[in-house]
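Participant: Pasting run.txt here (compact mmCIF, C-alpha atoms):
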```
# COMPACT_ATOMS: atom_id res chain seq x y z
CA MET A 8 -8.67 -79.47 -82.66
CA GLY A 9 -6.38 -78.13 -79.96
CA HIS A 10 -5.89 -78.15 -76.24
CA ASP A 11 -4.33 -75.67 -73.81
CA HIS A 12 -3.88 -72.58 -75.95
CA ASN A 13 -2.93 -70.29 -73.11
CA HIS A 14 0.48 -68.87 -74.05
CA ALA A 15 0.31 -65.82 -71.80
CA PRO A 16 3.87 -64.92 -70.83
CA GLY A 17 3.36 -64.71 -67.09
CA LEU A 18 6.63 -64.97 -65.20
CA THR A 19 9.54 -66.48 -67.11
CA ALA A 20 12.30 -68.59 -65.57
CA THR A 21 14.57 -65.55 -65.33
CA GLY A 22 11.76 -63.36 -63.98
CA LYS A 23 11.22 -65.76 -61.08
CA HIS A 24 14.76 -65.07 -59.87
CA ARG A 25 14.89 -61.33 -60.53
CA ARG A 26 15.79 -60.48 -56.92
CA ARG A 27 18.73 -62.86 -56.99
CA LEU A 28 20.03 -61.23 -60.15
CA ILE A 29 19.63 -57.74 -58.70
CA ALA A 30 21.62 -58.74 -55.61
CA VAL A 31 24.40 -60.25 -57.76
CA LEU A 32 24.44 -57.13 -59.95
CA ALA A 33 24.92 -54.86 -56.93
CA ILE A 34 27.72 -57.05 -55.52
CA THR A 35 29.46 -57.32 -58.89
CA LEU A 36 29.41 -53.58 -59.61
CA ALA A 37 30.81 -52.78 -56.16
CA VAL A 38 33.70 -55.20 -56.67
CA VAL A 39 34.37 -53.90 -60.20
CA LEU A 40 34.91 -50.40 -58.81
CA ILE A 41 37.27 -51.71 -56.14
CA GLN A 42 39.24 -53.86 -58.58
CA VAL A 43 39.59 -51.10 -61.18
CA ALA A 44 40.96 -48.81 -58.48
CA GLY A 45 43.22 -51.61 -57.27
CA ALA A 46 44.49 -52.29 -60.79
CA ALA A 47 45.26 -48.60 -61.31
CA LEU A 48 47.17 -48.39 -58.04
CA SER A 49 48.99 -51.71 -58.35
CA GLY A 50 49.66 -51.81 -62.10
CA SER A 51 48.31 -55.37 -62.34
CA LEU A 52 46.95 -56.45 -65.73
CA ALA A 53 45.54 -59.63 -64.20
CA LEU A 54 43.51 -57.58 -61.71
CA LEU A 55 42.32 -55.30 -64.48
CA ALA A 56 41.39 -58.36 -66.56
CA ASP A 57 39.41 -59.75 -63.64
CA ALA A 58 37.68 -56.38 -63.24
CA GLY A 59 36.87 -56.34 -66.97
CA HIS A 60 35.45 -59.83 -66.75
CA MET A 61 33.32 -58.85 -63.77
CA LEU A 62 32.14 -55.75 -65.63
CA SER A 63 31.01 -57.97 -68.50
CA ASP A 64 29.18 -60.11 -65.94
CA ALA A 65 27.44 -57.02 -64.58
CA ALA A 66 26.44 -56.04 -68.12
CA GLY A 67 25.17 -59.57 -68.74
CA VAL A 68 23.08 -59.59 -65.56
CA PHE A 69 21.65 -56.17 -66.43
CA ILE A 70 20.72 -57.42 -69.91
CA ALA A 71 19.11 -60.51 -68.35
CA LEU A 72 17.04 -58.34 -66.00
CA LEU A 73 16.01 -56.07 -68.86
CA ALA A 74 15.08 -59.08 -70.99
CA ALA A 75 13.03 -60.57 -68.13
CA TRP A 76 11.07 -57.33 -67.91
CA ILE A 77 10.55 -57.24 -71.68
CA ALA A 78 9.52 -60.91 -71.70
CA SER A 79 6.76 -60.20 -69.15
CA ARG A 80 4.95 -57.93 -71.61
CA PRO A 81 1.68 -59.45 -72.83
CA ALA A 82 1.26 -61.25 -76.14
CA SER A 83 -0.45 -59.55 -79.07
CA ASP A 84 -1.83 -60.45 -82.49
CA LEU A 85 1.55 -59.44 -83.93
CA ARG A 86 3.67 -61.33 -81.36
CA THR A 87 1.56 -64.27 -80.30
CA TYR A 88 4.15 -65.54 -77.82
CA GLY A 89 4.80 -62.06 -76.48
CA TYR A 90 8.45 -61.14 -75.93
CA GLN A 91 9.59 -64.27 -74.10
CA ARG A 92 12.28 -65.00 -76.69
CA ALA A 93 13.97 -61.74 -75.58
CA GLU A 94 15.57 -63.73 -72.76
CA VAL A 95 17.28 -65.99 -75.26
CA LEU A 96 18.55 -63.01 -77.24
CA ALA A 97 19.94 -61.59 -73.99
CA ALA A 98 21.77 -64.86 -73.34
CA LEU A 99 23.21 -64.61 -76.86
CA ALA A 100 24.46 -61.09 -76.06
CA ASN A 101 26.05 -62.41 -72.85
CA ALA A 102 27.95 -65.08 -74.78
CA LEU A 103 29.23 -62.58 -77.34
CA ILE A 104 30.32 -60.19 -74.57
CA LEU A 105 32.31 -63.01 -72.96
CA VAL A 106 34.09 -63.72 -76.25
CA ALA A 107 34.94 -60.03 -76.76
CA ILE A 108 36.32 -59.67 -73.23
CA ALA A 109 38.48 -62.78 -73.66
CA VAL A 110 39.95 -61.45 -76.91
CA VAL A 111 40.76 -58.03 -75.38
CA ILE A 112 42.42 -59.58 -72.32
CA PHE A 113 44.47 -61.99 -74.39
CA THR A 114 45.60 -59.24 -76.77
CA GLU A 115 46.76 -57.00 -73.95
CA ALA A 116 48.53 -59.90 -72.25
CA VAL A 117 50.45 -60.71 -75.43
CA ARG A 118 51.43 -57.06 -75.77
CA ARG A 119 52.95 -57.14 -72.28
CA ILE A 120 55.06 -60.24 -72.83
CA GLY A 121 58.69 -59.34 -72.27
CA ALA A 122 57.81 -55.94 -70.82
CA ALA A 123 56.04 -56.69 -67.56
CA PRO A 124 55.77 -53.55 -65.38
CA GLU A 125 56.31 -53.40 -61.62
CA VAL A 126 53.28 -54.52 -59.60
CA GLN A 127 52.20 -53.52 -56.08
CA THR A 128 51.38 -56.99 -54.85
CA ASP A 129 49.74 -56.01 -51.56
CA ILE A 130 47.01 -53.94 -53.25
CA MET A 131 46.68 -56.59 -55.96
CA LEU A 132 46.23 -59.33 -53.37
CA TYR A 133 43.69 -57.48 -51.21
CA ALA A 134 41.52 -56.59 -54.21
CA ALA A 135 41.65 -60.14 -55.57
CA VAL A 136 40.69 -61.68 -52.21
CA LEU A 137 37.76 -59.27 -51.94
CA GLY A 138 36.67 -60.23 -55.46
CA ALA A 139 36.86 -63.95 -54.66
CA ALA A 140 34.76 -63.50 -51.51
CA ALA A 141 32.13 -61.52 -53.44
CA ASN A 142 32.04 -64.18 -56.16
CA LEU A 143 31.44 -66.91 -53.58
CA VAL A 144 28.48 -64.98 -52.20
CA SER A 145 27.08 -64.48 -55.71
CA LEU A 146 27.46 -68.18 -56.52
CA LEU A 147 25.48 -69.12 -53.43
CA ILE A 148 22.75 -66.66 -54.43
CA LEU A 149 22.46 -68.08 -57.96
CA ARG A 150 23.11 -71.76 -57.28
CA GLY A 151 19.48 -72.78 -56.78
CA ALA A 152 18.20 -70.91 -59.85
CA GLN A 153 20.83 -71.59 -62.52
CA LYS A 154 19.20 -74.83 -63.72
CA GLU A 155 15.94 -73.09 -64.62
CA SER A 156 17.03 -70.27 -66.94
CA LEU A 157 19.64 -69.75 -69.65
CA ASN A 158 20.19 -66.22 -68.44
CA VAL A 159 20.63 -67.20 -64.80
CA ARG A 160 22.89 -70.05 -65.90
CA GLY A 161 24.91 -67.60 -67.95
CA ALA A 162 25.26 -65.31 -64.93
CA TYR A 163 26.20 -68.29 -62.74
CA LEU A 164 28.87 -69.48 -65.16
CA GLU A 165 30.26 -65.97 -65.49
CA VAL A 166 30.50 -65.58 -61.71
CA LEU A 167 32.16 -69.00 -61.49
CA GLY A 168 34.69 -67.85 -64.05
CA ASP A 169 35.23 -64.68 -62.03
CA LEU A 170 35.96 -66.77 -58.95
CA LEU A 171 38.55 -68.78 -60.86
CA GLY A 172 39.94 -65.55 -62.27
CA SER A 173 40.25 -64.07 -58.78
CA MET A 174 42.06 -67.21 -57.65
CA ALA A 175 44.48 -66.80 -60.57
CA VAL A 176 45.12 -63.18 -59.54
CA ILE A 177 45.70 -64.26 -55.93
CA ALA A 178 48.16 -66.92 -57.09
CA ALA A 179 50.00 -64.40 -59.29
CA ALA A 180 50.20 -61.87 -56.43
CA VAL A 181 51.65 -64.48 -54.06
CA ILE A 182 54.19 -65.65 -56.67
CA ILE A 183 55.35 -62.10 -57.37
CA MET A 184 55.45 -61.30 -53.67
CA PHE A 185 57.74 -64.20 -52.80
CA THR A 186 59.75 -64.69 -56.01
CA GLY A 187 59.66 -61.35 -57.86
CA PHE A 188 58.54 -63.16 -61.03
CA LEU A 189 56.61 -60.27 -62.65
CA ALA A 190 55.54 -62.33 -65.66
CA ALA A 191 53.13 -64.17 -63.33
CA ASP A 192 50.76 -61.23 -63.70
CA THR A 193 50.71 -61.59 -67.50
CA ILE A 194 50.36 -65.37 -67.28
CA ALA A 195 47.38 -64.98 -64.94
CA SER A 196 45.77 -62.64 -67.47
CA VAL A 197 46.12 -65.26 -70.21
CA VAL A 198 44.68 -67.92 -67.89
CA ILE A 199 41.62 -65.74 -67.24
CA ALA A 200 41.10 -65.21 -70.99
CA ILE A 201 41.38 -68.96 -71.65
CA MET A 202 38.88 -69.76 -68.88
CA ILE A 203 36.26 -67.43 -70.34
CA LEU A 204 36.06 -68.99 -73.82
CA PRO A 205 34.74 -72.50 -72.99
CA ARG A 206 31.95 -71.02 -70.87
CA ALA A 207 31.02 -68.64 -73.66
CA TRP A 208 30.96 -71.54 -76.12
CA HIS A 209 28.63 -73.68 -73.99
CA LEU A 210 26.22 -70.80 -73.43
CA LEU A 211 26.29 -69.92 -77.13
CA ARG A 212 25.59 -73.53 -78.08
CA ASP A 213 22.53 -73.65 -75.80
CA VAL A 214 21.24 -70.38 -77.22
CA VAL A 215 21.67 -71.61 -80.81
CA ASP A 216 19.70 -74.77 -79.95
CA VAL A 217 16.80 -72.64 -78.76
CA LEU A 218 16.93 -70.29 -81.75
CA LEU A 219 17.05 -73.27 -84.14
CA GLU A 220 14.06 -74.73 -82.27
CA ALA A 221 15.85 -77.96 -81.38
CA ALA A 222 14.10 -80.36 -79.03
CA PRO A 223 14.75 -79.49 -75.36
CA LYS A 224 17.58 -81.37 -73.70
CA GLY A 225 16.53 -84.72 -72.31
CA VAL A 226 13.44 -84.98 -74.52
CA GLU A 227 13.31 -87.99 -76.86
CA VAL A 228 10.79 -87.61 -79.68
CA GLN A 229 10.58 -91.37 -80.20
CA MET A 230 9.58 -91.87 -76.57
CA ILE A 231 6.92 -89.17 -76.88
CA ARG A 232 5.60 -90.90 -80.00
CA GLU A 233 5.36 -94.20 -78.14
CA HIS A 234 3.46 -92.62 -75.26
CA ILE A 235 0.97 -90.98 -77.63
CA LEU A 236 0.43 -94.24 -79.50
CA SER A 237 -0.30 -96.01 -76.20
CA VAL A 238 -3.41 -93.85 -75.66
CA ALA A 239 -6.62 -95.81 -76.38
CA GLY A 240 -8.16 -94.87 -79.73
CA VAL A 241 -4.95 -93.45 -81.23
CA VAL A 242 -3.97 -95.05 -84.53
CA ALA A 243 -0.92 -93.00 -85.55
CA VAL A 244 0.87 -89.70 -84.94
CA HIS A 245 2.81 -87.45 -87.30
CA ASP A 246 4.17 -83.91 -87.63
CA ILE A 247 5.55 -83.98 -84.09
CA HIS A 248 7.28 -80.74 -83.15
CA ILE A 249 8.72 -79.81 -79.77
CA TRP A 250 10.79 -76.70 -79.15
CA THR A 251 11.53 -74.04 -76.55
CA ILE A 252 10.25 -70.46 -76.56
CA THR A 253 12.48 -69.46 -73.67
CA SER A 254 13.95 -71.18 -70.60
CA GLY A 255 11.27 -73.22 -68.86
CA VAL A 256 8.68 -72.79 -71.65
CA PRO A 257 8.70 -75.89 -73.90
CA VAL A 258 5.99 -76.14 -76.57
CA PHE A 259 4.61 -79.24 -78.30
CA SER A 260 2.38 -79.86 -81.30
CA ALA A 261 1.36 -82.96 -83.23
CA HIS A 262 -1.22 -84.39 -85.63
CA VAL A 263 -2.86 -87.42 -84.00
CA VAL A 264 -4.81 -89.94 -86.10
CA VAL A 265 -7.63 -91.58 -84.13
CA GLU A 266 -10.35 -94.12 -84.79
CA ASP A 267 -13.38 -92.51 -86.42
CA ASP A 268 -15.75 -93.16 -83.52
CA VAL A 269 -13.38 -91.38 -81.12
CA LEU A 270 -14.26 -88.01 -82.64
CA SER A 271 -17.60 -87.87 -80.90
CA ALA A 272 -17.59 -84.90 -78.51
CA ARG A 273 -17.04 -87.03 -75.41
CA GLY A 274 -14.49 -89.30 -77.04
CA ALA A 275 -12.41 -86.41 -78.36
CA ASP A 276 -12.32 -84.72 -74.94
CA GLN A 277 -11.15 -87.94 -73.29
CA VAL A 278 -8.37 -88.46 -75.82
CA LEU A 279 -7.21 -84.84 -75.52
CA ASP A 280 -7.19 -85.04 -71.72
CA LYS A 281 -5.14 -88.24 -71.81
CA LEU A 282 -2.68 -86.80 -74.35
CA THR A 283 -2.24 -83.57 -72.40
CA THR A 284 -1.80 -85.41 -69.11
CA CYS A 285 0.76 -87.69 -70.75
CA LEU A 286 2.83 -84.79 -72.08
CA GLY A 287 2.57 -82.80 -68.85
CA SER A 288 3.49 -85.66 -66.52
CA HIS A 289 6.19 -87.40 -68.55
CA PHE A 290 7.81 -84.51 -70.39
CA ASP A 291 6.98 -81.40 -68.34
CA THR A 292 5.28 -79.78 -71.32
CA GLU A 293 2.12 -77.81 -70.56
CA HIS A 294 1.76 -75.88 -73.85
CA CYS A 295 0.42 -78.65 -76.08
CA THR A 296 -1.54 -78.45 -79.34
CA PHE A 297 -3.03 -81.57 -80.90
CA GLN A 298 -4.82 -81.81 -84.21
CA LEU A 299 -7.08 -84.86 -84.16
CA GLU A 300 -7.73 -86.55 -87.49
CA PRO A 301 -10.06 -89.47 -88.24
CA ALA A 302 -8.39 -92.62 -89.51
CA SER A 303 -10.59 -92.49 -92.63
CA HIS A 304 -8.87 -89.20 -93.49
CA SER A 305 -5.40 -90.74 -93.25
CA GLU A 306 -5.02 -91.16 -97.00
CA HIS A 307 -4.63 -87.38 -97.20
CA GLU A 308 -1.77 -87.33 -94.73
CA SER A 309 1.64 -88.97 -94.67
CA TYR A 310 2.19 -89.82 -91.04
CA GLN A 311 5.28 -91.95 -91.37
CA HIS A 312 7.48 -89.03 -90.30
CA ALA A 313 7.83 -87.02 -87.12
```
With the file now loaded, output its structure as structure tokens.
Facilitator:
Amino acid sequence: MGHDHNHAPGLTATGKHRRRLIAVLAITLAVVLIQVAGAALSGSLALLADAGHMLSDAAGVFIALLAAWIASRPASDLRTYGYQRAEVLAALANALILVAIAVVIFTEAVRRIGAAPEVQTDIMLYAAVLGAAANLVSLLILRGAQKESLNVRGAYLEVLGDLLGSMAVIAAAVIIMFTGFLAADTIASVVIAIMILPRAWHLLRDVVDVLLEAAPKGVEVQMIREHILSVAGVVAVHDIHIWTITSGVPVFSAHVVVEDDVLSARGADQVLDKLTTCLGSHFDTEHCTFQLEPASHSEHESYQHA
């Protein structure tokens, strides 16, 4: 016997913030064009690295928007949860793009060691300052939404890394301008590459947790078990499963053993309402499925495990 079987995709966590992502995409692409031109004119690898990182961010935001659109497609008999998991796959692509960009930047930086070319610091500095200002605006746009969606969080972290990268380019430009130390440009490139990898790792780890159907962060199965057992008429609970379809869409199922007389029509409804209210209020889980079993049937089930 189940409760709340409505898994219609509706609007996912990323879809709710589509306008924010579109605004960030437009800002990022505009700055990429400026920084690529600035890198070509100034000869700065650090500026080109920052532009490459921002281009990867733009690609990631575009993938997130595309995934949000795909995820809004209705469910079918073949795909009963619709395409909501597409958002998670997009976040995986973002993480892999970050890793690839970091490797390319680091490789080029190593190649330039000992052979740093002349750099036009004024162009380098202006382009980096413009990039930093654009990144600040993008961070403000995404700040309120990044806790709700893996894709928005990925975009937020990428923009944050861009801001730090722009600051590294600014620092390198100032150092070269006042000291003539051309290797500062190469060092800044390496710093940008190093900053990208931890963010990619954290995003990848979150994506893997979702794909492996791990319990959502902050959810303790033992506490859920205790809450279910506190409902009047419940004898035991087993086969507890809680996982995430996509950001903001946790799903829960369990087999609940109840006293035999509870399975009258009215008693079953009351138990299901209490269980669903418990999960929704304490664990923010609306998609719940409970299989009610009479205690006299318990010899057919082993409910000593989750």
Participant: For Ser63 (chain A), which of A:Ala162, A:Leu279, A:Ala135, A:Ala93 is the closest residue, counting all atoms listed in the file?
Facilitator: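 Between A:Ala162, A:Leu279, A:Ala135, A:Ala93, the residue approaching Ser63 (chain A) most closely is A:Ala162.
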Participant: Within 7 Å of (31.5, -65.5, -70.8) in the file's own coordinates, which protein, DNA or RNA residues have an atom, counting all atoms listed in the file? List them as an NGL selection string.
Facilitator: :A and (101-102 or 104-106 or 165 or 203-204 or 206-207)
Participant: From (12.3, -85.8, -78.5), in the file's coordinates, out to 10 Å: which residues are reached, counting only C-alpha atoms? Answer as a list in words.
Facilitator: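 Selection result: Ala221, Ala222, Pro223, Lys224, Gly225, Val226, Glu227, Val228, Gln229, Met230, Ile231, Arg232, Ile247, His248, Ile249, Trp250, Phe290 and Ala313 of chain A.
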Participant: How far is it from CA of Ala100 (chain A) to CA of Gln42 (chain A), in Å with one decimal?
Facilitator: 24.0 Å
Participant: May I ask for the distance between CA of Glu233 (chain A) and CA of Thr253 (chain A), given in Å to one decimal place?
Facilitator: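 Computed distance, CA of Glu233 (chain A) to CA of Thr253 (chain A), equals 26.1 Å.
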Participant: What separation in Å, quoted to one decimal, exists between CA of Val269 (chain A) and CA of Thr283 (chain A)?
Facilitator: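 Taking CA of Val269 (chain A) and CA of Thr283 (chain A), their separation equals 16.2 Å.
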Participant: Between A:Thr251, A:Asn142, A:Thr284, A:Ser51, which has the minimum distance to Gln127 (chain A) (counting only C-alpha atoms)?
Facilitator: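 With only C-alpha atoms as the atom set, the closest residue is A:Ser51.
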Participant: Which of these, A:Asp268, A:Ile120, A:Leu143, A:Leu103, has the shortest distance to His209 (chain A) once you count only C-alpha atoms?
Facilitator: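 Between A:Asp268, A:Ile120, A:Leu143, A:Leu103, the residue approaching His209 (chain A) most closely is A:Leu103.
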Participant: List every residue of region 30-112 of chain A that has an atom at most 12 Å from any atom of region 169-185 of chain A, giving for each one its closest atom pair and the distance in Å to one decimal, counting only C-alpha atoms, sorted by chain and then by ascending residue number, as a tab-separated table.
Facilitator:
```
residue	atom	partner	partner_atom	distance
A:Thr35	CA	A:Asp169	CA	9.9
A:Val38	CA	A:Asp169	CA	11.0
A:Val39	CA	A:Asp169	CA	11.0
A:Gln42	CA	A:Ser173	CA	10.3
A:Gly45	CA	A:Val176	CA	11.9
A:Ala46	CA	A:Val176	CA	11.0
A:Ser49	CA	A:Ala180	CA	10.4
A:Gly50	CA	A:Ala180	CA	11.6
A:Ser51	CA	A:Val176	CA	8.9
A:Leu52	CA	A:Val176	CA	9.3
A:Ala53	CA	A:Val176	CA	5.9
A:Leu54	CA	A:Val176	CA	6.2
A:Leu55	CA	A:Val176	CA	9.7
A:Ala56	CA	A:Gly172	CA	8.5
A:Asp57	CA	A:Gly172	CA	6.0
A:Ala58	CA	A:Asp169	CA	8.7
A:Gly59	CA	A:Asp169	CA	9.8
A:His60	CA	A:Asp169	CA	6.8
A:Met61	CA	A:Asp169	CA	6.4
A:Leu62	CA	A:Asp169	CA	10.1
A:Ser63	CA	A:Asp169	CA	10.2
A:Asp64	CA	A:Asp169	CA	8.5
A:Ala65	CA	A:Asp169	CA	11.2
A:Leu105	CA	A:Asp169	CA	11.4
A:Ala109	CA	A:Gly172	CA	11.8
A:Ile112	CA	A:Gly172	CA	11.9
```
